[in-house]
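Here's the structure we're looking at; comments come further down.
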Amino acid sequence: MLSSHAVWGRAHLAAGVIAAATVLWAVAAAAQSCVCGGIADDTIAAHVGLDREWIVQVPFDSAAWRLAHVVVGEGLVVAQGGDGTVAAIRTDTRPGGARRGAVAWSQRVGGSGLLEAAGIGQRVVTVARGKDVTAIDTMTGRIAWEQALSGIASAGAMPSGGWVYTPLDAGGVYRLPESRWGEAAPPGEESSPEGPRPGEQTGPVEIASQGEVDFRPVAYGNGILWCNANGLIIALVREDDFKRRIEFDLGGPASGPPVVWNNDIFVATRAGDLARITLRPDGLTATSGIARNEQAEGNAEVRYTGWHTVLEATPEGSPLVGGDTVVLSLGAWGVAAFSALTGEQLWQSPQGGRPLAITDNRVWLLDDSGFLTARDLASGGRRERFCLGCFTLPVVNSLSERLILASPGGLVVSLAPRQTLPAVPPVPPQPDPPEPLDAPPPAADEI
């Protein structure tokens with residue numbers, strides 16, 4: 001016969017199991033109601049040329065908090081909950097790692113203050129919060145290090161080229177080594193060639209930003225660039241042992257952070273300009289201008305090529321680049337598209353919206369009426385329009401041809417262009433014809 005304590009314990013255990021099952025059922029039911037009948041429904045997605053690659057619920061306290069940021073990076077999508085949870089969703093396949101579309105790891109970041117959007121690098125994911133920055137190992141999810149800043153972060157921290165850069169609200173950019181004070185890489189992994197060199201400063205360094213930086217820095221090649229509140233782009237470029245600081249004045253504040261696409265810089269300004277900038281640290285001629293150059297070493301002149309287009313209205317946010325097309329919001333004047341090669345305007349739609357992603361021949365926008373709209377990338381004509389349902393957290397993806405949608409409750413979905421089969425099946429490979437018996441012997445370098 002069971003004692004009263006045993007009965008009481010089993011009753012509480014059963015109650016716990018029922019409560020957990022109820023929560024899981026509620027989450028599944030909420031997810032089902034979000035998906036059915038909307039763009040995240042795999043059947044409906046297929047009708048507009050999309051495949052639902054994956055859909056996942058981010059693990060965080062969604063009862064008390066909301067999803068704060070979703071950031072798209074190389075191989076990862078990082079979702080951040082307001083409770084400090086940082087969860088990484090694997091978007092590629094690595095040996096021994098999580099499968100694609102699964103939560104690879106989840107970590108809790110402490111501290112107080114505003115939680116900035118994460119920066120995703122090859123080795124670490126960095127999160128700035130108030131006067132602290134935390135680095136999380138991209139593969140394992142363990143906290144690599146935590147560091148107090150000399151001031152409050154004004155934007156997210158970004159790892160690039162072996163360093164982590166965090167802008168401060170009083171001006172300046174705080175630089176830290178990606179590895180804890182230049183420590184060696186883990187076994188089987190090469191050390192970053194762009195990190196601290198022998199004899200270099202490996203502790204925190206504050207770099208002059210020539211003004212406040214309100215946007216998260218952007219990885220640029222083996223270096224970094226940022227744009228301050230006055231519209232001055234500063235790029236730190238490093239090639240082998242040659243270090244260079246390049247400054248490019250836009251002539252006015254940027255409407256959003258610069259976008260790097262194929263090593264070109266695309267940026268719009270509040271003065272009504274759209275520009276493509278290609279910095280060329282060499283002596284090539286036939287250029288359209290010269291950027292001011294403050295070299296740390298060397299005296300090479302830095303030139304730039306590209307184009308500059310005057311807009312009809314003040315832009316909002318950053319340009320979205322896909323293939324040979326640049327799409328930009330013009331606020332109340334609608335949305336316009338331009339050639340990425342020449343800057344020539346391709347089309348303009350009177351309905352406003354925020355560009356989110358480019359997939360194949362469509363550009364997806366969150367329009368002014370709160371609907372998800374797809375426009376033809378070549379003509380600007382409207383092709384589809386969907387109710388967002390629960391996916392009301394905008395996710396801008398300028399990295400890959402994926403439409404990423406997220407809900408404040410933590411449901412994240414990835415939609416990719418459908419992989420269609422060619423009209424004519426490929427011809428199977430044919431065996432090589434036999435060599436004639438009297439063929440000459442092979443040359444020495446062919447053996």
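We name chains A, B, ... following the order of the structure tokens; residues begin at 1 in each chain, and ligands are numbered from 1 as shown.
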
### Task
Show which residues sit within 7 Å of Tyr165 of chain A, as a list in words. Count only C-alpha atoms, and ignore same-chain residues fewer than 2 positions away.
Ala157, Met158, Pro159, Trp163, Pro167, Val173, Tyr174, Arg175 and Leu176 of chain A

Need the shell around Gly256 of chain A: protein/DNA/RNA residues with any atom at most 12 Å away, counting only C-alpha atoms. Skip same-chain ones fewer than 6 positions apart. Format as a tab-separated table (two decimals) with C-alpha atoms, in the first residue's frame?
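Generated output (out.tsv):
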```tsv
chain	number	residue	atom	x	y	z
A	213	VAL	CA	27.19	55.61	-34.80
A	214	ASP	CA	23.53	54.62	-34.75
A	215	PHE	CA	23.76	51.54	-36.98
A	216	ARG	CA	25.44	48.22	-36.32
A	217	PRO	CA	28.80	48.00	-38.16
A	218	VAL	CA	28.89	45.89	-41.32
A	226	TRP	CA	30.26	51.85	-40.26
A	227	CYS	CA	28.38	55.03	-41.03
A	228	ASN	CA	28.12	57.75	-38.39
A	229	ALA	CA	25.19	60.09	-37.80
A	231	GLY	CA	26.86	60.40	-43.10
A	266	PHE	CA	24.91	50.42	-51.41
A	267	VAL	CA	23.52	53.25	-49.30
A	268	ALA	CA	20.73	55.86	-49.40
A	269	THR	CA	20.71	59.26	-47.71
A	270	ARG	CA	18.00	61.43	-46.20
A	274	LEU	CA	21.11	56.45	-53.69
A	314	THR	CA	13.31	60.99	-49.18
A	315	PRO	CA	14.09	57.27	-48.80
A	316	GLU	CA	13.36	55.17	-45.74
A	317	GLY	CA	15.65	52.45	-44.44
A	318	SER	CA	18.33	50.61	-46.35
A	319	PRO	CA	18.30	49.46	-49.96
A	320	LEU	CA	17.67	45.77	-50.61
A	328	LEU	CA	14.29	51.00	-51.98
A	329	SER	CA	11.38	52.42	-49.99
```

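Using only C-alpha atoms, the nearest neighbour of Phe386 of chain A within the list A:Ala313, A:Ala79, A:Leu365, A:Ala102 is A:Leu365.
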
### Message
So that I can check the secondary structure, give me every residue of segment 351-399 of chain A assigned strand (DSSP E or B) by backbone DSSP, as an MDAnalysis selection string.
### Response
chainID A and resid 353:359 362:367 371:376 382:387 393

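The residue that comes closest to Thr392 of chain A, out of A:Val326, A:Val205, A:Ala374, A:Leu411 and on the basis of only C-alpha atoms, is A:Leu411.
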
### Message
Taking only C-alpha atoms into account, name the residue in A:Val124, A:Ala40, A:Leu311, A:Leu67 that is nearest to Pro394 of chain A.
### Response
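Closest to Pro394 of chain A, using only C-alpha atoms: A:Leu67.
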
### Message
Please list as number ranges by chain every residue within 8 Å of Ala336 of chain A, counting only C-alpha atoms and excluding residues in the same chain fewer than 3 positions away.
### Response
A: 327-330, 345-349

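Using only C-alpha atoms for every distance, the candidate list A:His47, A:Lys243, A:Arg375, A:Arg52 yields A:Arg52 as the residue closest to Val412 of chain A.
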
### Query
Interatomic distance between atom CA of Thr359 of chain A and atom CA of Gly410 of chain A?
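Straight-line distance from atom CA of Thr359 of chain A to atom CA of Gly410 of chain A works out to 23.2 Å.
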
### Query
Which neighbours of segment 74-76 of chain A fall inside 10 Å, counting only C-alpha atoms, when residues of the same chain fewer than 2 positions from it are skipped, and could you give them as a list in words?
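Selected residues are Val71, Val72, Val78, Ala79, Ala87, Ala88, Ile89, Arg90, Thr91, Asp92, Thr93, Arg94, Arg100, Gly101, Val103, Ala104, Ile120, Gly121, Gln122, Val125, Thr138, Met139, Leu399 and Ser400 of chain A.
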
### Task
May I ask which of the residues A:Ala337, A:Val35, A:Ile277, A:Val48 is the closest one to Arg385 of chain A, counting only C-alpha atoms?
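The shortest atom-to-atom distance to Arg385 of chain A comes from A:Val48.
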